[in-house]
>>> print(open('my_file-v2.cif').read())   # mmCIF, C-alpha atoms
data_model
loop_
_atom_site.group_PDB
_atom_site.id
_atom_site.type_symbol
_atom_site.label_atom_id
_atom_site.label_comp_id
_atom_site.auth_asym_id
_atom_site.auth_seq_id
_atom_site.Cartn_x
_atom_site.Cartn_y
_atom_site.Cartn_z
ATOM 1 C CA MET A 1 -2.826 -27.861 -15.626
ATOM 2 C CA LEU A 2 -0.011 -25.860 -17.114
ATOM 3 C CA GLU A 3 2.916 -24.550 -15.112
ATOM 4 C CA ASN A 4 2.083 -20.908 -15.866
ATOM 5 C CA HIS A 5 -1.406 -21.362 -14.436
ATOM 6 C CA ALA A 6 0.082 -22.908 -11.300
ATOM 7 C CA LYS A 7 2.477 -19.969 -10.896
ATOM 8 C CA LEU A 8 -0.464 -17.577 -10.983
ATOM 9 C CA MET A 9 -2.316 -19.737 -8.480
ATOM 10 C CA GLN A 10 0.729 -19.503 -6.189
ATOM 11 C CA PHE A 11 0.544 -15.717 -6.567
ATOM 12 C CA PHE A 12 -3.138 -15.674 -5.564
ATOM 13 C CA SER A 13 -2.456 -18.010 -2.631
ATOM 14 C CA SER A 14 0.076 -15.480 -1.286
ATOM 15 C CA THR A 15 -2.570 -12.822 -0.597
ATOM 16 C CA GLU A 16 -6.093 -12.463 0.736
ATOM 17 C CA GLU A 17 -7.297 -10.752 -2.426
ATOM 18 C CA ILE A 18 -6.347 -8.561 -5.340
ATOM 19 C CA VAL A 19 -8.687 -5.664 -6.042
ATOM 20 C CA GLY A 20 -8.810 -4.541 -9.646
ATOM 21 C CA ARG A 21 -7.876 -5.952 -13.021
ATOM 22 C CA LYS A 22 -5.419 -3.155 -13.688
ATOM 23 C CA LYS A 23 -3.728 -3.732 -10.337
ATOM 24 C CA LEU A 24 -3.446 -7.460 -11.053
ATOM 25 C CA GLN A 25 -1.838 -6.776 -14.446
ATOM 26 C CA LYS A 26 0.664 -4.343 -12.957
ATOM 27 C CA MET A 27 1.552 -6.576 -9.996
ATOM 28 C CA ILE A 28 2.417 -9.558 -12.196
ATOM 29 C CA TYR A 29 4.428 -7.344 -14.557
ATOM 30 C CA ILE A 30 6.369 -5.770 -11.684
ATOM 31 C CA LEU A 31 7.087 -9.207 -10.187
ATOM 32 C CA LYS A 32 8.305 -10.373 -13.575
ATOM 33 C CA LYS A 33 10.656 -7.375 -13.719
ATOM 34 C CA CYS A 34 11.872 -8.343 -10.216
ATOM 35 C CA GLU A 35 13.072 -11.690 -11.608
ATOM 36 C CA VAL A 36 10.035 -13.733 -10.525
ATOM 37 C CA PRO A 37 9.682 -16.251 -13.372
ATOM 38 C CA PHE A 38 6.266 -15.338 -14.760
ATOM 39 C CA GLU A 39 6.212 -15.948 -18.497
ATOM 40 C CA GLU A 40 3.268 -13.861 -19.678
ATOM 41 C CA ARG A 41 4.161 -11.578 -22.576
ATOM 42 C CA TYR A 42 3.365 -7.897 -22.175
ATOM 43 C CA GLN A 43 2.911 -5.039 -24.587
ATOM 44 C CA PHE A 44 2.397 -1.371 -23.890
ATOM 45 C CA HIS A 45 -1.271 -0.473 -23.687
ATOM 46 C CA PHE A 46 -3.383 2.478 -22.583
ATOM 47 C CA TYR A 47 -2.782 1.814 -18.857
ATOM 48 C CA GLY A 48 0.832 0.719 -19.271
ATOM 49 C CA PRO A 49 2.114 -2.844 -19.677
ATOM 50 C CA TYR A 50 -0.712 -5.285 -20.412
ATOM 51 C CA SER A 51 -0.799 -9.036 -21.039
ATOM 52 C CA GLU A 52 -3.623 -10.635 -22.982
ATOM 53 C CA GLU A 53 -2.152 -14.002 -21.911
ATOM 54 C CA LEU A 54 -2.609 -13.069 -18.247
ATOM 55 C CA THR A 55 -6.206 -12.029 -18.854
ATOM 56 C CA LEU A 56 -6.948 -15.360 -20.549
ATOM 57 C CA ARG A 57 -5.211 -17.436 -17.858
ATOM 58 C CA VAL A 58 -7.123 -15.703 -15.070
ATOM 59 C CA GLU A 59 -10.363 -16.247 -16.968
ATOM 60 C CA GLU A 60 -9.523 -19.945 -17.376
ATOM 61 C CA MET A 61 -8.737 -20.302 -13.664
ATOM 62 C CA CYS A 62 -12.028 -18.634 -12.796
ATOM 63 C CA ASN A 63 -13.873 -21.008 -15.148
ATOM 64 C CA LEU A 64 -12.155 -23.977 -13.466
ATOM 65 C CA GLY A 65 -13.269 -22.702 -10.051
ATOM 66 C CA PHE A 66 -9.696 -22.136 -8.785
ATOM 67 C CA ILE A 67 -9.982 -18.351 -8.571
ATOM 68 C CA SER A 68 -13.093 -16.365 -7.661
ATOM 69 C CA GLU A 69 -13.875 -13.105 -9.422
ATOM 70 C CA GLU A 70 -16.396 -10.769 -7.796
ATOM 71 C CA ARG A 71 -17.679 -7.799 -9.763
ATOM 72 C CA GLU A 72 -18.627 -4.697 -7.773
ATOM 73 C CA GLU A 73 -20.464 -1.783 -9.260
ATOM 74 C CA LYS A 74 -18.832 1.573 -8.556
ATOM 75 C CA LYS A 75 -20.006 5.028 -9.652
ATOM 76 C CA ASN A 76 -18.949 4.885 -13.306
ATOM 77 C CA TYR A 77 -17.273 1.490 -13.625
ATOM 78 C CA TYR A 78 -17.010 -2.058 -12.344
ATOM 79 C CA GLN A 79 -14.259 -3.201 -10.011
ATOM 80 C CA TYR A 80 -13.169 -6.829 -9.752
ATOM 81 C CA ARG A 81 -11.909 -8.715 -6.693
ATOM 82 C CA TYR A 82 -9.881 -11.896 -7.046
ATOM 83 C CA GLN A 83 -9.255 -14.622 -4.471
ATOM 84 C CA ILE A 84 -8.029 -18.173 -4.587
ATOM 85 C CA THR A 85 -10.803 -20.685 -3.812
ATOM 86 C CA GLU A 86 -10.632 -23.794 -1.681
ATOM 87 C CA SER A 87 -10.469 -25.853 -4.891
ATOM 88 C CA GLY A 88 -7.516 -23.753 -5.967
ATOM 89 C CA ARG A 89 -5.740 -24.358 -2.651
ATOM 90 C CA GLU A 90 -6.357 -28.092 -2.907
ATOM 91 C CA PHE A 91 -4.910 -28.107 -6.409
ATOM 92 C CA LEU A 92 -1.783 -26.265 -5.261
ATOM 93 C CA ASN A 93 -1.215 -28.885 -2.557
ATOM 94 C CA HIS A 94 -0.577 -31.373 -5.383
ATOM 95 C CA TYR A 95 1.703 -29.156 -7.437
ATOM 96 C CA GLU A 96 5.427 -28.644 -6.885
ATOM 97 C CA MET A 97 6.289 -24.945 -7.277
ATOM 98 C CA ASP A 98 9.676 -23.328 -7.682
ATOM 99 C CA LEU A 99 8.792 -19.691 -7.042
ATOM 100 C CA PRO A 100 10.450 -17.410 -4.521
ATOM 101 C CA PRO A 101 8.256 -16.311 -1.585
ATOM 102 C CA LEU A 102 5.886 -13.624 -2.837
ATOM 103 C CA HIS A 103 4.163 -12.466 0.364
ATOM 104 C CA ASP A 104 6.394 -9.438 1.030
ATOM 105 C CA HIS A 105 6.326 -8.247 -2.591
ATOM 106 C CA ILE A 106 2.549 -8.614 -2.763
ATOM 107 C CA ARG A 107 2.000 -6.871 0.569
ATOM 108 C CA GLU A 108 4.079 -3.902 -0.608
ATOM 109 C CA MET A 109 2.224 -3.666 -3.917
ATOM 110 C CA ASN A 110 -1.228 -4.197 -2.402
ATOM 111 C CA GLY A 111 -0.512 -1.217 -0.146
ATOM 112 C CA ARG A 112 -0.138 1.038 -3.189
ATOM 113 C CA SER A 113 -2.736 2.460 -5.555
ATOM 114 C CA SER A 114 -3.307 1.181 -9.074
ATOM 115 C CA ARG A 115 -2.221 4.618 -10.294
ATOM 116 C CA PHE A 116 1.148 4.251 -8.552
ATOM 117 C CA LEU A 117 1.627 0.692 -9.834
ATOM 118 C CA GLU A 118 0.795 1.955 -13.323
ATOM 119 C CA LEU A 119 3.624 4.482 -12.946
ATOM 120 C CA VAL A 120 6.102 1.873 -11.645
ATOM 121 C CA SER A 121 5.239 -0.651 -14.351
ATOM 122 C CA THR A 122 5.592 2.038 -17.031
ATOM 123 C CA MET A 123 9.009 2.999 -15.646
ATOM 124 C CA LEU A 124 10.049 -0.656 -15.711
ATOM 125 C CA PHE A 125 8.755 -1.056 -19.270
ATOM 126 C CA PHE A 126 11.292 1.560 -20.396
ATOM 127 C CA GLU A 127 14.000 0.325 -18.027
ATOM 128 C CA GLY A 128 16.621 -0.080 -20.738
ATOM 129 C CA LEU A 129 16.768 3.688 -21.215
ATOM 130 C CA PRO A 130 18.651 6.224 -19.062
ATOM 131 C CA ARG A 131 16.565 7.506 -16.130
ATOM 132 C CA GLU A 132 16.127 10.972 -17.646
ATOM 133 C CA GLU A 133 14.656 9.428 -20.797
ATOM 134 C CA ILE A 134 12.391 7.195 -18.739
ATOM 135 C CA THR A 135 11.054 10.289 -16.974
ATOM 136 C CA GLU A 136 10.449 11.965 -20.359
ATOM 137 C CA LYS A 137 8.665 8.828 -21.619
ATOM 138 C CA VAL A 138 6.454 8.727 -18.523
ATOM 139 C CA TYR A 139 5.481 12.372 -18.994
ATOM 140 C CA ALA A 140 4.778 11.730 -22.691
ATOM 141 C CA VAL A 141 2.787 8.486 -22.506
ATOM 142 C CA LYS A 142 1.111 9.176 -19.156
ATOM 143 C CA SER A 143 0.387 12.901 -19.514
ATOM 144 C CA THR A 144 -3.214 12.527 -18.333
ATOM 145 C CA GLN A 145 -2.041 11.024 -15.024
ATOM 146 C CA ASN A 146 -0.155 14.218 -14.113
ATOM 147 C CA TYR A 147 2.694 12.380 -12.387
ATOM 148 C CA THR A 148 5.105 14.649 -10.532
ATOM 149 C CA GLU A 149 8.874 14.413 -10.182
ATOM 150 C CA GLU A 150 8.202 13.307 -6.593
ATOM 151 C CA ASP A 151 5.971 10.477 -7.864
ATOM 152 C CA ILE A 152 8.762 9.307 -10.154
ATOM 153 C CA GLN A 153 11.332 9.449 -7.342
ATOM 154 C CA ASP A 154 8.936 7.440 -5.154
ATOM 155 C CA GLY A 155 8.643 4.965 -8.029
ATOM 156 C CA TRP A 156 12.430 4.458 -8.176
ATOM 157 C CA LYS A 157 12.604 3.981 -4.402
ATOM 158 C CA PHE A 158 9.767 1.479 -4.586
ATOM 159 C CA ILE A 159 11.501 -0.488 -7.359
ATOM 160 C CA GLU A 160 14.713 -0.620 -5.317
ATOM 161 C CA LYS A 161 12.793 -1.750 -2.246
ATOM 162 C CA LEU A 162 10.996 -4.538 -4.143
ATOM 163 C CA ARG A 163 14.203 -5.754 -5.737
ATOM 164 C CA GLY A 164 15.822 -5.851 -2.303
ATOM 165 C CA ILE A 165 13.211 -8.300 -0.949
ATOM 166 C CA HIS A 166 14.401 -11.909 -0.959
#
>>> encode(input="my_file-v2.cif", output="C-alpha coordinates")
Amino acid sequence: MLENHAKLMQFFSSTEEIVGRKKLQKMIYILKKCEVPFEERYQFHFYGPYSEELTLRVEEMCNLGFISEEREEKKNYYQYRYQITESGREFLNHYEMDLPPLHDHIREMNGRSSRFLELVSTMLFFEGLPREEITEKVYAVKSTQNYTEEDIQDGWKFIEKLRGIH
(Lines of atoms letter the chains of each structure in order from A and count residues from 1; the text may use other names and numbers.)
(Lines give C-alpha, C1' and ligand atoms only; values in the text may rest on other atoms or scores of the structure.)
Protein backbone atom coordinates (compact mmCIF):
# COMPACT_ATOMS: atom_id res chain seq x y z
CA MET A 1 0.00 0.00 0.00
CA LEU A 2 1.37 3.38 -0.93
CA GLU A 3 1.92 6.17 1.56
CA ASN A 4 -0.56 8.50 -0.17
CA HIS A 5 -3.30 5.89 0.16
CA ALA A 6 -2.51 5.53 3.86
CA LYS A 7 -2.70 9.30 4.35
CA LEU A 8 -6.18 9.30 2.85
CA MET A 9 -7.15 6.38 5.05
CA GLN A 10 -5.99 8.40 8.07
CA PHE A 11 -8.23 11.23 6.85
CA PHE A 12 -11.25 8.91 6.63
CA SER A 13 -10.48 7.43 10.05
CA SER A 14 -10.69 10.94 11.55
CA THR A 15 -14.41 11.31 10.79
CA GLU A 16 -17.63 9.32 10.85
CA GLU A 17 -18.31 10.00 7.19
CA ILE A 18 -17.85 12.39 4.32
CA VAL A 19 -20.97 13.19 2.32
CA GLY A 20 -20.37 14.10 -1.29
CA ARG A 21 -17.60 13.71 -3.83
CA LYS A 22 -17.26 17.46 -4.27
CA LYS A 23 -16.98 17.96 -0.52
CA LEU A 24 -14.29 15.27 -0.30
CA GLN A 25 -12.28 16.93 -3.09
CA LYS A 26 -12.51 20.34 -1.45
CA MET A 27 -11.66 19.07 2.05
CA ILE A 28 -8.45 17.38 0.92
CA TYR A 29 -7.45 20.45 -1.11
CA ILE A 30 -8.08 22.79 1.82
CA LEU A 31 -6.09 20.53 4.16
CA LYS A 32 -3.26 20.51 1.65
CA LYS A 33 -3.32 24.32 1.61
CA CYS A 34 -3.19 24.22 5.44
CA GLU A 35 0.17 22.43 5.24
CA VAL A 36 -1.18 18.89 5.73
CA PRO A 37 1.14 16.81 3.52
CA PHE A 38 -1.31 15.41 0.97
CA GLU A 39 0.42 15.03 -2.37
CA GLU A 40 -2.47 14.84 -4.83
CA ARG A 41 -2.10 17.27 -7.72
CA TYR A 42 -5.01 19.61 -8.38
CA GLN A 43 -6.12 21.62 -11.37
CA PHE A 44 -8.93 24.12 -11.66
CA HIS A 45 -12.15 22.49 -12.81
CA PHE A 46 -15.82 23.41 -13.07
CA TYR A 47 -16.40 23.15 -9.30
CA GLY A 48 -13.02 24.59 -8.32
CA PRO A 49 -9.84 22.65 -7.54
CA TYR A 50 -10.12 19.00 -8.58
CA SER A 51 -7.72 16.06 -8.39
CA GLU A 52 -8.04 13.11 -10.73
CA GLU A 53 -5.40 11.39 -8.56
CA LEU A 54 -7.66 11.70 -5.51
CA THR A 55 -10.60 10.25 -7.41
CA LEU A 56 -8.51 7.26 -8.51
CA ARG A 57 -7.05 6.66 -5.03
CA VAL A 58 -10.49 6.70 -3.41
CA GLU A 59 -11.76 4.30 -6.07
CA GLU A 60 -8.81 1.97 -5.39
CA MET A 61 -9.43 2.07 -1.64
CA CYS A 62 -13.09 1.26 -2.21
CA ASN A 63 -12.11 -1.67 -4.46
CA LEU A 64 -9.75 -2.94 -1.74
CA GLY A 65 -12.59 -2.78 0.81
CA PHE A 66 -10.86 -0.13 2.97
CA ILE A 67 -13.39 2.62 2.28
CA SER A 68 -17.13 2.17 1.73
CA GLU A 69 -18.96 4.26 -0.84
CA GLU A 70 -22.75 4.43 -0.62
CA ARG A 71 -24.69 5.99 -3.47
CA GLU A 72 -27.96 7.73 -2.59
CA GLU A 73 -30.43 8.88 -5.16
CA LYS A 74 -31.53 12.49 -4.71
CA LYS A 75 -34.01 14.46 -6.83
CA ASN A 76 -31.80 15.14 -9.85
CA TYR A 77 -28.47 13.58 -8.90
CA TYR A 78 -26.66 10.95 -6.88
CA GLN A 79 -24.90 11.72 -3.62
CA TYR A 80 -22.06 9.58 -2.26
CA ARG A 81 -21.20 8.81 1.36
CA TYR A 82 -17.73 7.64 2.35
CA GLN A 83 -16.64 5.83 5.51
CA ILE A 84 -13.61 3.85 6.54
CA THR A 85 -14.38 0.13 6.92
CA GLU A 86 -13.21 -2.24 9.61
CA SER A 87 -10.66 -3.63 7.13
CA GLY A 88 -9.41 -0.10 6.61
CA ARG A 89 -9.03 0.44 10.36
CA GLU A 90 -7.16 -2.84 10.73
CA PHE A 91 -4.80 -1.82 7.94
CA LEU A 92 -4.11 1.54 9.58
CA ASN A 93 -3.16 -0.22 12.82
CA HIS A 94 -0.17 -1.65 10.93
CA TYR A 95 0.91 1.57 9.27
CA GLU A 96 3.04 4.30 10.83
CA MET A 97 1.60 7.72 9.95
CA ASP A 98 3.20 11.13 10.29
CA LEU A 99 0.17 13.37 9.83
CA PRO A 100 -0.96 16.10 12.20
CA PRO A 101 -4.27 15.46 14.00
CA LEU A 102 -7.08 16.10 11.53
CA HIS A 103 -10.20 15.80 13.71
CA ASP A 104 -10.66 19.53 14.38
CA HIS A 105 -10.06 20.53 10.75
CA ILE A 106 -12.46 17.87 9.49
CA ARG A 107 -15.14 18.76 12.03
CA GLU A 108 -14.99 22.42 10.96
CA MET A 109 -15.20 21.54 7.27
CA ASN A 110 -17.91 18.90 7.71
CA GLY A 111 -20.02 21.59 9.38
CA ARG A 112 -19.95 23.68 6.20
CA SER A 113 -21.75 23.22 2.90
CA SER A 114 -20.07 21.99 -0.27
CA ARG A 115 -20.89 25.38 -1.79
CA PHE A 116 -18.93 27.16 0.95
CA LEU A 117 -15.99 24.75 0.67
CA GLU A 118 -16.02 25.32 -3.09
CA LEU A 119 -15.65 29.05 -2.39
CA VAL A 120 -12.83 28.55 0.14
CA SER A 121 -10.93 26.14 -2.10
CA THR A 122 -11.27 28.54 -5.04
CA MET A 123 -9.93 31.39 -2.90
CA LEU A 124 -6.99 29.22 -1.85
CA PHE A 125 -6.34 28.21 -5.47
CA PHE A 126 -5.66 31.88 -6.28
CA GLU A 127 -3.90 32.55 -2.97
CA GLY A 128 -0.77 33.98 -4.58
CA LEU A 129 -2.73 37.01 -5.78
CA PRO A 130 -3.71 40.09 -3.74
CA ARG A 131 -7.06 39.67 -1.95
CA GLU A 132 -8.86 42.13 -4.23
CA GLU A 133 -7.80 40.11 -7.27
CA ILE A 134 -8.86 36.88 -5.60
CA THR A 135 -12.31 38.38 -5.04
CA GLU A 136 -12.46 39.41 -8.72
CA LYS A 137 -11.39 35.90 -9.77
CA VAL A 138 -14.07 34.32 -7.58
CA TYR A 139 -16.75 36.55 -9.09
CA ALA A 140 -15.48 35.73 -12.60
CA VAL A 141 -15.03 31.96 -12.36
CA LYS A 142 -17.89 31.32 -9.93
CA SER A 143 -20.49 33.76 -11.28
CA THR A 144 -23.27 31.16 -11.23
CA GLN A 145 -22.79 30.62 -7.47
CA ASN A 146 -23.69 34.26 -6.72
CA TYR A 147 -21.22 34.57 -3.85
CA THR A 148 -21.55 37.79 -1.86
CA GLU A 149 -18.87 39.97 -0.31
CA GLU A 150 -20.04 38.57 3.04
CA ASP A 151 -19.46 35.01 1.77
CA ILE A 152 -15.92 35.94 0.77
CA GLN A 153 -15.24 37.57 4.14
CA ASP A 154 -16.57 34.43 5.85
CA GLY A 155 -14.22 32.43 3.62
CA TRP A 156 -11.18 34.42 4.78
CA LYS A 157 -12.19 34.04 8.43
CA PHE A 158 -12.65 30.31 7.91
CA ILE A 159 -9.20 29.98 6.30
CA GLU A 160 -7.61 31.83 9.22
CA LYS A 161 -9.46 29.64 11.70
CA LEU A 162 -8.36 26.41 9.98
CA ARG A 163 -4.76 27.54 9.76
CA GLY A 164 -4.84 28.37 13.47
CA ILE A 165 -5.75 24.78 14.43
CA HIS A 166 -2.76 22.73 15.56
>>> resolve_selection(input="my_file-v2.cif", expression="the PyMOL selection byres ((chain A and resi 142) around 9)", output="tab-separated table (two decimals) with C-alpha atoms, in the coordinates of the input")
chain	number	residue	atom	x	y	z
A	46	PHE	CA	-3.38	2.48	-22.58
A	47	TYR	CA	-2.78	1.81	-18.86
A	48	GLY	CA	0.83	0.72	-19.27
A	119	LEU	CA	3.62	4.48	-12.95
A	122	THR	CA	5.59	2.04	-17.03
A	137	LYS	CA	8.66	8.83	-21.62
A	138	VAL	CA	6.45	8.73	-18.52
A	139	TYR	CA	5.48	12.37	-18.99
A	140	ALA	CA	4.78	11.73	-22.69
A	141	VAL	CA	2.79	8.49	-22.51
A	143	SER	CA	0.39	12.90	-19.51
A	144	THR	CA	-3.21	12.53	-18.33
A	145	GLN	CA	-2.04	11.02	-15.02
A	146	ASN	CA	-0.16	14.22	-14.11
A	147	TYR	CA	2.69	12.38	-12.39
>>> closest_residue(input="my_file-v2.cif", among="A:Ile84, A:Ile67, A:Leu92, A:Ile30", to="Ile106 in chain A", atoms="all atoms listed in the file")
A:Ile30
>>> closest_residue(input="my_file-v2.cif", among="A:Ile18, A:Met97, A:Val120, A:Ile165", to="Ile152 in chain A", atoms="only C-alpha atoms")
A:Val120
>>> resolve_selection(input="my_file-v2.cif", expression="the PyMOL selection byres ((chain A and resi 6) around 12)", output="PyMOL selection string")
chain A and resi 1-5+7-13+37-39+57-58+60-61+66-67+84+88-99
>>> closest_residue(input="my_file-v2.cif", among="A:Lys161, A:Arg115, A:Arg107, A:Arg131", to="Ser14 in chain A", atoms="only C-alpha atoms")
A:Arg107
>>> atom_distance(input="my_file-v2.cif", atom1="CA of Ser113 in chain A", atom2="CA of Ser68 in chain A")
21.6 Å
>>> closest_residue(input="my_file-v2.cif", among="A:Ser121, A:Thr15, A:Thr135, A:Ser114", to="Leu31 in chain A", atoms="all atoms listed in the file")
A:Ser121
>>> atom_distance(input="my_file-v2.cif", atom1="CA of Gly128 in chain A", atom2="CA of Lys157 in chain A")
17.3 Å
>>> resolve_selection(input="my_file-v2.cif", expression="the PyMOL selection byres ((chain A and resi 34) around 10)", output="list in words")
Ile28, Tyr29, Ile30, Leu31, Lys32, Lys33, Glu35, Val36, Pro37, His105, Leu124, Ile159, Glu160, Leu162, Arg163, Gly164 and Ile165 of chain A
>>> atom_distance(input="my_file-v2.cif", atom1="CA of Phe126 in chain A", atom2="CA of Glu40 in chain A")
17.4 Å
>>> axis_aligned_box(input="my_file-v2.cif", around="range 89-92 of chain A", padding_each_side="6 Å", output="AutoDock Vina command-line options")
--center_x -4.1 --center_y -26.2 --center_z -4.5 --size_x 16.6 --size_y 15.7 --size_z 15.8
>>> residues_around(input="my_file-v2.cif", residues="Glu108 in chain A", least_positions_apart="4", cutoff="9 Å", atoms="only C-alpha atoms", output="VMD selection string")
chain A and resid 103 to 104 112 158 162
>>> closest_residue(input="my_file-v2.cif", among="A:Lys23, A:Glu53, A:Lys74, A:Glu17", to="Met109 in chain A", atoms="all atoms listed in the file")
A:Lys23
>>> closest_residue(input="my_file-v2.cif", among="A:His45, A:Lys26, A:Lys75, A:Arg81", to="Cys62 in chain A", atoms="all atoms listed in the file")
A:Arg81
